[in-house]
$ cat protein-v2.txt   # compact mmCIF, C-alpha atoms
# COMPACT_ATOMS: atom_id res chain seq x y z
CA MET A 1 255.86 25.75 71.70
CA LYS A 2 257.59 24.46 68.61
CA LEU A 3 256.03 22.12 66.06
CA ARG A 4 257.86 19.48 64.02
CA PHE A 5 256.27 17.41 61.26
CA PHE A 6 257.40 14.06 59.87
CA ARG A 7 256.25 11.79 57.04
CA ILE A 8 257.57 8.29 57.56
CA PRO A 9 256.82 5.38 55.20
CA LEU A 10 255.01 2.57 56.98
CA HIS A 11 258.06 0.32 56.74
CA GLY A 12 260.49 2.93 58.04
CA GLY A 13 262.60 5.57 56.41
CA GLU A 14 265.26 8.18 56.91
CA GLU A 15 263.03 10.46 58.96
CA GLU A 16 262.40 7.67 61.47
CA GLY A 17 265.91 8.09 62.91
CA GLU A 18 265.51 11.87 62.99
CA LEU A 19 262.19 11.51 64.84
CA ASN A 20 263.73 9.12 67.38
CA ARG A 21 266.65 11.51 68.01
CA LEU A 22 264.22 14.40 68.49
CA LEU A 23 262.05 12.43 70.94
CA ALA A 24 265.11 11.37 72.94
CA SER A 25 266.49 14.89 73.23
CA GLU A 26 263.46 17.19 73.64
CA ARG A 27 260.53 17.58 76.03
CA VAL A 28 257.35 16.62 74.18
CA ALA A 29 254.05 18.31 75.00
CA GLU A 30 251.98 16.49 72.39
CA PHE A 31 252.44 13.72 69.84
CA GLN A 32 249.93 12.96 67.08
CA LYS A 33 250.16 10.37 64.34
CA HIS A 34 247.83 9.46 61.51
CA LEU A 35 248.09 6.79 58.86
CA VAL A 36 247.87 8.45 55.44
CA THR A 37 248.56 7.54 51.82
CA ASP A 38 251.14 9.61 49.95
CA ALA A 39 251.34 8.86 46.21
CA GLY A 40 249.98 5.38 46.88
CA THR A 41 252.46 4.66 49.69
CA PRO A 42 251.11 4.21 53.24
CA CYS A 43 252.90 6.59 55.61
CA TRP A 44 252.69 7.90 59.13
CA ALA A 45 252.03 11.64 59.24
CA ILE A 46 253.41 12.74 62.61
CA ALA A 47 253.13 16.08 64.38
CA VAL A 48 255.27 16.68 67.47
CA THR A 49 254.73 19.69 69.72
CA LEU A 50 257.82 20.48 71.78
CA VAL A 51 258.05 22.46 75.00
CA SER A 52 260.49 25.22 74.14
CA GLY A 53 260.62 27.15 77.40
CA GLU A 54 259.41 27.21 80.99
CA GLY A 55 257.10 30.15 80.30
CA GLU A 56 255.21 28.07 77.76
CA VAL A 57 254.31 25.37 80.26
CA ARG A 58 251.42 27.40 81.70
CA GLY A 59 247.99 27.37 80.16
CA ARG A 60 246.11 24.62 78.42
CA VAL A 61 247.86 21.27 78.36
CA SER A 62 247.02 18.66 75.76
CA ALA A 63 245.01 15.62 76.69
CA LYS A 64 246.86 13.44 74.20
CA ALA A 65 248.67 10.37 75.48
CA GLY A 66 252.30 10.85 76.34
CA VAL A 67 252.04 14.23 78.08
CA ASP A 68 254.57 14.35 80.92
CA TYR A 69 252.75 16.34 83.57
CA LYS A 70 255.65 15.95 85.98
CA ALA A 71 257.80 17.87 83.50
CA LEU A 72 255.08 20.39 82.62
CA LEU A 73 253.89 21.31 86.10
CA PRO A 74 256.02 22.93 88.81
CA GLU A 75 256.85 20.49 91.62
CA ASP A 76 254.30 21.88 94.10
CA GLU A 77 251.51 21.81 91.49
CA PHE A 78 252.45 18.29 90.43
CA ALA A 79 252.10 17.12 94.04
CA VAL A 80 248.49 18.36 94.10
CA PHE A 81 247.90 16.88 90.63
CA ALA A 82 249.15 13.50 91.92
CA LYS A 83 246.74 13.66 94.88
CA LEU A 84 243.89 14.39 92.50
CA ARG A 85 244.89 11.44 90.31
CA GLU A 86 244.88 9.12 93.31
CA ALA A 87 241.42 10.39 94.33
CA ARG A 88 240.26 9.95 90.73
CA LYS A 89 241.47 6.34 90.78
CA GLN A 90 239.57 5.63 94.00
CA LEU A 91 236.43 7.31 92.66
CA SER A 92 236.60 5.35 89.41
CA HIS A 93 236.88 2.06 91.31
CA ALA A 94 234.04 3.00 93.66
CA HIS A 95 231.75 3.95 90.75
CA GLY A 96 232.91 1.17 88.42
CA VAL A 97 233.96 3.55 85.64
CA ALA A 98 237.14 4.34 83.74
CA THR A 99 239.38 6.98 85.33
CA TYR A 100 238.88 9.43 82.45
CA THR A 101 235.14 9.32 83.19
CA VAL A 102 235.85 11.02 86.51
CA ALA A 103 238.25 13.58 84.99
CA THR A 104 241.02 13.59 82.40
CA ASN A 105 244.63 14.40 83.26
CA GLN A 106 244.21 17.66 81.36
CA GLN A 107 241.21 18.61 83.47
CA LEU A 108 243.06 17.78 86.69
CA ALA A 109 246.05 19.87 85.57
CA GLU A 110 243.74 22.77 84.71
CA MET A 111 242.12 22.52 88.14
CA VAL A 112 245.52 22.87 89.79
CA GLN A 113 246.85 25.56 87.46
CA GLY A 114 243.60 27.54 87.70
CA ARG A 115 243.59 27.26 91.51
CA VAL A 116 240.04 25.86 91.42
CA THR A 117 238.34 25.83 94.83
CA SER A 118 234.66 26.31 93.93
CA ARG A 119 231.99 24.50 91.95
CA GLU A 120 231.66 27.57 89.72
CA ALA A 121 235.37 27.56 88.86
CA MET A 122 235.37 23.81 88.27
CA ALA A 123 232.34 24.09 85.96
CA ARG A 124 234.34 26.49 83.73
CA ILE A 125 236.79 23.70 82.88
CA ARG A 126 236.01 22.27 79.48
CA GLY A 127 234.28 18.90 79.76
CA VAL A 128 233.27 19.24 83.41
CA GLY A 129 229.50 19.30 83.17
CA GLU A 130 226.65 18.81 85.59
CA ALA A 131 226.97 15.03 85.71
CA ARG A 132 230.68 15.09 86.60
CA MET A 133 230.11 17.86 89.10
CA GLU A 134 227.28 15.94 90.74
CA ARG A 135 229.14 12.62 90.95
CA TYR A 136 232.74 13.65 91.58
CA GLY A 137 232.97 17.41 92.12
CA ASP A 138 232.73 17.48 95.90
CA SER A 139 235.44 14.82 96.32
CA LEU A 140 237.86 16.67 94.04
CA LEU A 141 236.99 20.05 95.57
CA ALA A 142 237.74 18.71 99.05
CA ILE A 143 241.33 18.00 97.97
CA LEU A 144 241.65 21.23 96.03
CA GLY A 145 240.26 23.25 98.95
CA GLU A 146 242.88 21.76 101.24
CA GLU A 147 245.86 21.93 98.86
CA ILE A 148 245.37 25.05 96.71
CA PRO A 149 245.87 27.55 99.60
CA LYS A 150 249.33 26.01 100.14
CA LEU A 151 250.33 26.83 96.54
CA GLY A 152 249.83 30.57 96.55
CA PRO A 153 248.78 32.48 93.43
CA ALA A 154 249.16 30.96 89.95
CA ALA A 155 252.42 31.87 88.21
CA ASP A 156 250.56 33.65 85.41
CA ALA A 157 248.17 35.51 87.75
CA SER A 158 248.34 39.30 87.60

$ encode --input "protein-v2.txt" --output "structure tokens"
Amino acid sequence: MKLRFFRIPLHGGEEEGELNRLLASERVAEFQKHLVTDAGTPCWAIAVTLVSGEGEVRGRVSAKAGVDYKALLPEDEFAVFAKLREARKQLSHAHGVATYTVATNQQLAEMVQGRVTSREAMARIRGVGEARMERYGDSLLAILGEEIPKLGPAADAS
């Protein structure tokens, strides 16, 4: 992955056009911005992580807003990811909670990429603790157990 950094005055500046051109022409894996003060001038400090090659798509995917999982995951994995998202939506409505309370997009992507089919494997995903496993694990594992065998081994499996 490649990183690019920008410092843009709050009311715009030269780098704003450069940032917009970059965002229009590259695949973005992560985008972070923070309001900072530089010599008394309020500015946006922006860090952009770019996807630089297909081999770099595997592994941990950022949970930051703006991640394009359709671009990051192979088509067959994205189809399973989409099924998990739909199940997550239904679970969140049934339990009256926000969707990220069931699982984040990053966690769902890791479940697919890691070929998770057991409670033990799911528990190894960061942020999936006992409470999530108890409330939502079986529902997600039912989908994973049905869909993962269709995928075959993970691309980075030895």

$ atom_distance --input "protein-v2.txt" --atom1 "atom CA of A:Trp44" --atom2 "atom CA of A:Lys70"
28.2 Å

$ atom_distance --input "protein-v2.txt" --atom1 "atom CA of A:Glu77" --atom2 "atom CA of A:Gln113"
7.2 Å

$ atom_distance --input "protein-v2.txt" --atom1 "atom CA of A:Leu108" --atom2 "atom CA of A:Arg85"
7.5 Å

$ residues_around --input "protein-v2.txt" --residues "A:Lys33" --least-positions-apart "3" --cutoff "10 Å" --atoms "only C-alpha atoms" --output "list in words"
Phe5, Phe6, Arg7, Val36, Cys43, Trp44, Ala45, Ile46, Ala47 and Val48 of chain A

$ closest_residue --input "protein-v2.txt" --among "A:Leu140, A:Leu91, A:Leu23, A:Val51" --to "A:Leu3" --atoms "only C-alpha atoms"
A:Val51

$ closest_residue --input "protein-v2.txt" --among "A:Ala29, A:Ala131, A:Val112, A:Ile125" --to "A:Leu144" --atoms "all atoms listed in the file"
A:Val112

$ closest_residue --input "protein-v2.txt" --among "A:Leu73, A:Tyr136, A:Ala24, A:Gly114" --to "A:Thr99" --atoms "only C-alpha atoms"
A:Tyr136

$ residues_near_point --input "protein-v2.txt" --point "(252.4, 3.7, 53.2)" --cutoff "12 Å" --atoms "only C-alpha atoms" --output "VMD selection string"
chain A and resid 7 to 13 34 to 45

$ residues_near_point --input "protein-v2.txt" --point "(233.7, 16.7, 84.8)" --cutoff "12 Å" --atoms "all atoms listed in the file" --output "PyMOL selection string"
chain A and resi 88+99-108+110-111+119+121-141

$ write_last_selection --input "protein-v2.txt" --atoms "C-alpha atoms" --output "PDB file, in the coordinates of the input"
ATOM      1  CA  ARG A  88     240.260   9.950  90.730  1.00  0.00           C
ATOM      2  CA  THR A  99     239.380   6.980  85.330  1.00  0.00           C
ATOM      3  CA  TYR A 100     238.880   9.430  82.450  1.00  0.00           C
ATOM      4  CA  THR A 101     235.140   9.320  83.190  1.00  0.00           C
ATOM      5  CA  VAL A 102     235.850  11.020  86.510  1.00  0.00           C
ATOM      6  CA  ALA A 103     238.250  13.580  84.990  1.00  0.00           C
ATOM      7  CA  THR A 104     241.020  13.590  82.400  1.00  0.00           C
ATOM      8  CA  ASN A 105     244.630  14.400  83.260  1.00  0.00           C
ATOM      9  CA  GLN A 106     244.210  17.660  81.360  1.00  0.00           C
ATOM     10  CA  GLN A 107     241.210  18.610  83.470  1.00  0.00           C
ATOM     11  CA  LEU A 108     243.060  17.780  86.690  1.00  0.00           C
ATOM     12  CA  GLU A 110     243.740  22.770  84.710  1.00  0.00           C
ATOM     13  CA  MET A 111     242.120  22.520  88.140  1.00  0.00           C
ATOM     14  CA  ARG A 119     231.990  24.500  91.950  1.00  0.00           C
ATOM     15  CA  ALA A 121     235.370  27.560  88.860  1.00  0.00           C
ATOM     16  CA  MET A 122     235.370  23.810  88.270  1.00  0.00           C
ATOM     17  CA  ALA A 123     232.340  24.090  85.960  1.00  0.00           C
ATOM     18  CA  ARG A 124     234.340  26.490  83.730  1.00  0.00           C
ATOM     19  CA  ILE A 125     236.790  23.700  82.880  1.00  0.00           C
ATOM     20  CA  ARG A 126     236.010  22.270  79.480  1.00  0.00           C
ATOM     21  CA  GLY A 127     234.280  18.900  79.760  1.00  0.00           C
ATOM     22  CA  VAL A 128     233.270  19.240  83.410  1.00  0.00           C
ATOM     23  CA  GLY A 129     229.500  19.300  83.170  1.00  0.00           C
ATOM     24  CA  GLU A 130     226.650  18.810  85.590  1.00  0.00           C
ATOM     25  CA  ALA A 131     226.970  15.030  85.710  1.00  0.00           C
ATOM     26  CA  ARG A 132     230.680  15.090  86.600  1.00  0.00           C
ATOM     27  CA  MET A 133     230.110  17.860  89.100  1.00  0.00           C
ATOM     28  CA  GLU A 134     227.280  15.940  90.740  1.00  0.00           C
ATOM     29  CA  ARG A 135     229.140  12.620  90.950  1.00  0.00           C
ATOM     30  CA  TYR A 136     232.740  13.650  91.580  1.00  0.00           C
ATOM     31  CA  GLY A 137     232.970  17.410  92.120  1.00  0.00           C
ATOM     32  CA  ASP A 138     232.730  17.480  95.900  1.00  0.00           C
ATOM     33  CA  SER A 139     235.440  14.820  96.320  1.00  0.00           C
ATOM     34  CA  LEU A 140     237.860  16.670  94.040  1.00  0.00           C
ATOM     35  CA  LEU A 141     236.990  20.050  95.570  1.00  0.00           C
TER      36      LEU A 141
END

$ decode --input "protein-v2.txt" --residues "stretch 114-147 of chain A" --atoms "N, CA and C atoms" --output "PDB file, in the first residue's frame"
ATOM      1  N   GLY A 114     -10.715 -15.111   5.975  1.00  0.00           N
ATOM      2  CA  GLY A 114     -10.128 -16.131   6.833  1.00  0.00           C
ATOM      3  C   GLY A 114     -10.834 -17.473   6.749  1.00  0.00           C
ATOM      4  N   ARG A 115     -11.881 -17.545   5.896  1.00  0.00           N
ATOM      5  CA  ARG A 115     -12.639 -18.786   5.713  1.00  0.00           C
ATOM      6  C   ARG A 115     -13.156 -19.313   7.050  1.00  0.00           C
ATOM      7  N   VAL A 116     -13.733 -18.429   7.847  1.00  0.00           N
ATOM      8  CA  VAL A 116     -14.236 -18.767   9.182  1.00  0.00           C
ATOM      9  C   VAL A 116     -15.469 -19.656   9.073  1.00  0.00           C
ATOM     10  N   THR A 117     -15.416 -20.804   9.740  1.00  0.00           N
ATOM     11  CA  THR A 117     -16.575 -21.712   9.776  1.00  0.00           C
ATOM     12  C   THR A 117     -16.813 -22.275  11.169  1.00  0.00           C
ATOM     13  N   SER A 118     -16.067 -21.790  12.170  1.00  0.00           N
ATOM     14  CA  SER A 118     -16.233 -22.299  13.533  1.00  0.00           C
ATOM     15  C   SER A 118     -16.265 -21.135  14.525  1.00  0.00           C
ATOM     16  N   ARG A 119     -16.824 -21.415  15.687  1.00  0.00           N
ATOM     17  CA  ARG A 119     -16.869 -20.405  16.751  1.00  0.00           C
ATOM     18  C   ARG A 119     -15.454 -20.025  17.173  1.00  0.00           C
ATOM     19  N   GLU A 120     -14.553 -20.991  17.198  1.00  0.00           N
ATOM     20  CA  GLU A 120     -13.170 -20.738  17.603  1.00  0.00           C
ATOM     21  C   GLU A 120     -12.496 -19.774  16.625  1.00  0.00           C
ATOM     22  N   ALA A 121     -12.688 -20.015  15.340  1.00  0.00           N
ATOM     23  CA  ALA A 121     -12.086 -19.139  14.330  1.00  0.00           C
ATOM     24  C   ALA A 121     -12.704 -17.740  14.384  1.00  0.00           C
ATOM     25  N   MET A 122     -14.008 -17.678  14.583  1.00  0.00           N
ATOM     26  CA  MET A 122     -14.669 -16.376  14.660  1.00  0.00           C
ATOM     27  C   MET A 122     -14.188 -15.600  15.888  1.00  0.00           C
ATOM     28  N   ALA A 123     -13.970 -16.282  16.992  1.00  0.00           N
ATOM     29  CA  ALA A 123     -13.526 -15.626  18.222  1.00  0.00           C
ATOM     30  C   ALA A 123     -12.125 -15.028  18.080  1.00  0.00           C
ATOM     31  N   ARG A 124     -11.350 -15.494  17.110  1.00  0.00           N
ATOM     32  CA  ARG A 124     -10.002 -14.943  16.886  1.00  0.00           C
ATOM     33  C   ARG A 124     -10.031 -13.615  16.145  1.00  0.00           C
ATOM     34  N   ILE A 125     -11.173 -13.228  15.617  1.00  0.00           N
ATOM     35  CA  ILE A 125     -11.283 -11.947  14.917  1.00  0.00           C
ATOM     36  C   ILE A 125     -11.377 -10.845  15.959  1.00  0.00           C
ATOM     37  N   ARG A 126     -10.543  -9.856  15.794  1.00  0.00           N
ATOM     38  CA  ARG A 126     -10.486  -8.742  16.745  1.00  0.00           C
ATOM     39  C   ARG A 126     -11.869  -8.096  16.899  1.00  0.00           C
ATOM     40  N   GLY A 127     -12.291  -7.959  18.155  1.00  0.00           N
ATOM     41  CA  GLY A 127     -13.564  -7.312  18.445  1.00  0.00           C
ATOM     42  C   GLY A 127     -14.752  -8.258  18.537  1.00  0.00           C
ATOM     43  N   VAL A 128     -14.548  -9.515  18.191  1.00  0.00           N
ATOM     44  CA  VAL A 128     -15.643 -10.489  18.303  1.00  0.00           C
ATOM     45  C   VAL A 128     -15.443 -11.218  19.628  1.00  0.00           C
ATOM     46  N   GLY A 129     -16.148 -10.746  20.634  1.00  0.00           N
ATOM     47  CA  GLY A 129     -16.034 -11.323  21.966  1.00  0.00           C
ATOM     48  C   GLY A 129     -17.196 -12.246  22.273  1.00  0.00           C
ATOM     49  N   GLU A 130     -17.277 -12.617  23.536  1.00  0.00           N
ATOM     50  CA  GLU A 130     -18.320 -13.552  23.976  1.00  0.00           C
ATOM     51  C   GLU A 130     -19.727 -13.041  23.697  1.00  0.00           C
ATOM     52  N   ALA A 131     -19.956 -11.758  23.974  1.00  0.00           N
ATOM     53  CA  ALA A 131     -21.308 -11.210  23.796  1.00  0.00           C
ATOM     54  C   ALA A 131     -21.739 -11.275  22.333  1.00  0.00           C
ATOM     55  N   ARG A 132     -20.876 -10.874  21.417  1.00  0.00           N
ATOM     56  CA  ARG A 132     -21.219 -10.945  19.986  1.00  0.00           C
ATOM     57  C   ARG A 132     -21.405 -12.388  19.552  1.00  0.00           C
ATOM     58  N   MET A 133     -20.521 -13.252  20.028  1.00  0.00           N
ATOM     59  CA  MET A 133     -20.641 -14.665  19.667  1.00  0.00           C
ATOM     60  C   MET A 133     -21.972 -15.222  20.152  1.00  0.00           C
ATOM     61  N   GLU A 134     -22.342 -14.889  21.371  1.00  0.00           N
ATOM     62  CA  GLU A 134     -23.571 -15.422  21.954  1.00  0.00           C
ATOM     63  C   GLU A 134     -24.809 -14.922  21.209  1.00  0.00           C
ATOM     64  N   ARG A 135     -24.824 -13.623  20.880  1.00  0.00           N
ATOM     65  CA  ARG A 135     -26.014 -13.033  20.257  1.00  0.00           C
ATOM     66  C   ARG A 135     -26.116 -13.295  18.756  1.00  0.00           C
ATOM     67  N   TYR A 136     -24.975 -13.223  18.064  1.00  0.00           N
ATOM     68  CA  TYR A 136     -25.029 -13.202  16.594  1.00  0.00           C
ATOM     69  C   TYR A 136     -24.195 -14.290  15.914  1.00  0.00           C
ATOM     70  N   GLY A 137     -23.310 -14.942  16.652  1.00  0.00           N
ATOM     71  CA  GLY A 137     -22.371 -15.883  16.057  1.00  0.00           C
ATOM     72  C   GLY A 137     -23.007 -17.006  15.268  1.00  0.00           C
ATOM     73  N   ASP A 138     -24.009 -17.638  15.833  1.00  0.00           N
ATOM     74  CA  ASP A 138     -24.634 -18.782  15.154  1.00  0.00           C
ATOM     75  C   ASP A 138     -25.276 -18.372  13.826  1.00  0.00           C
ATOM     76  N   SER A 139     -25.907 -17.210  13.801  1.00  0.00           N
ATOM     77  CA  SER A 139     -26.544 -16.742  12.558  1.00  0.00           C
ATOM     78  C   SER A 139     -25.511 -16.488  11.468  1.00  0.00           C
ATOM     79  N   LEU A 140     -24.403 -15.855  11.840  1.00  0.00           N
ATOM     80  CA  LEU A 140     -23.356 -15.574  10.855  1.00  0.00           C
ATOM     81  C   LEU A 140     -22.653 -16.866  10.436  1.00  0.00           C
ATOM     82  N   LEU A 141     -22.419 -17.751  11.401  1.00  0.00           N
ATOM     83  CA  LEU A 141     -21.758 -19.026  11.084  1.00  0.00           C
ATOM     84  C   LEU A 141     -22.604 -19.903  10.176  1.00  0.00           C
ATOM     85  N   ALA A 142     -23.914 -19.796  10.270  1.00  0.00           N
ATOM     86  CA  ALA A 142     -24.786 -20.578   9.384  1.00  0.00           C
ATOM     87  C   ALA A 142     -24.535 -20.179   7.928  1.00  0.00           C
ATOM     88  N   ILE A 143     -24.417 -18.893   7.679  1.00  0.00           N
ATOM     89  CA  ILE A 143     -24.141 -18.410   6.315  1.00  0.00           C
ATOM     90  C   ILE A 143     -22.736 -18.796   5.892  1.00  0.00           C
ATOM     91  N   LEU A 144     -21.778 -18.564   6.773  1.00  0.00           N
ATOM     92  CA  LEU A 144     -20.383 -18.894   6.453  1.00  0.00           C
ATOM     93  C   LEU A 144     -20.229 -20.392   6.192  1.00  0.00           C
ATOM     94  N   GLY A 145     -20.876 -21.214   7.001  1.00  0.00           N
ATOM     95  CA  GLY A 145     -20.778 -22.665   6.825  1.00  0.00           C
ATOM     96  C   GLY A 145     -21.336 -23.132   5.497  1.00  0.00           C
ATOM     97  N   GLU A 146     -22.324 -22.423   4.993  1.00  0.00           N
ATOM     98  CA  GLU A 146     -22.922 -22.759   3.701  1.00  0.00           C
ATOM     99  C   GLU A 146     -22.094 -22.221   2.533  1.00  0.00           C
ATOM    100  N   GLU A 147     -21.555 -21.013   2.687  1.00  0.00           N
ATOM    101  CA  GLU A 147     -20.893 -20.330   1.566  1.00  0.00           C
ATOM    102  C   GLU A 147     -19.388 -20.559   1.457  1.00  0.00           C
TER     103      GLU A 147
END
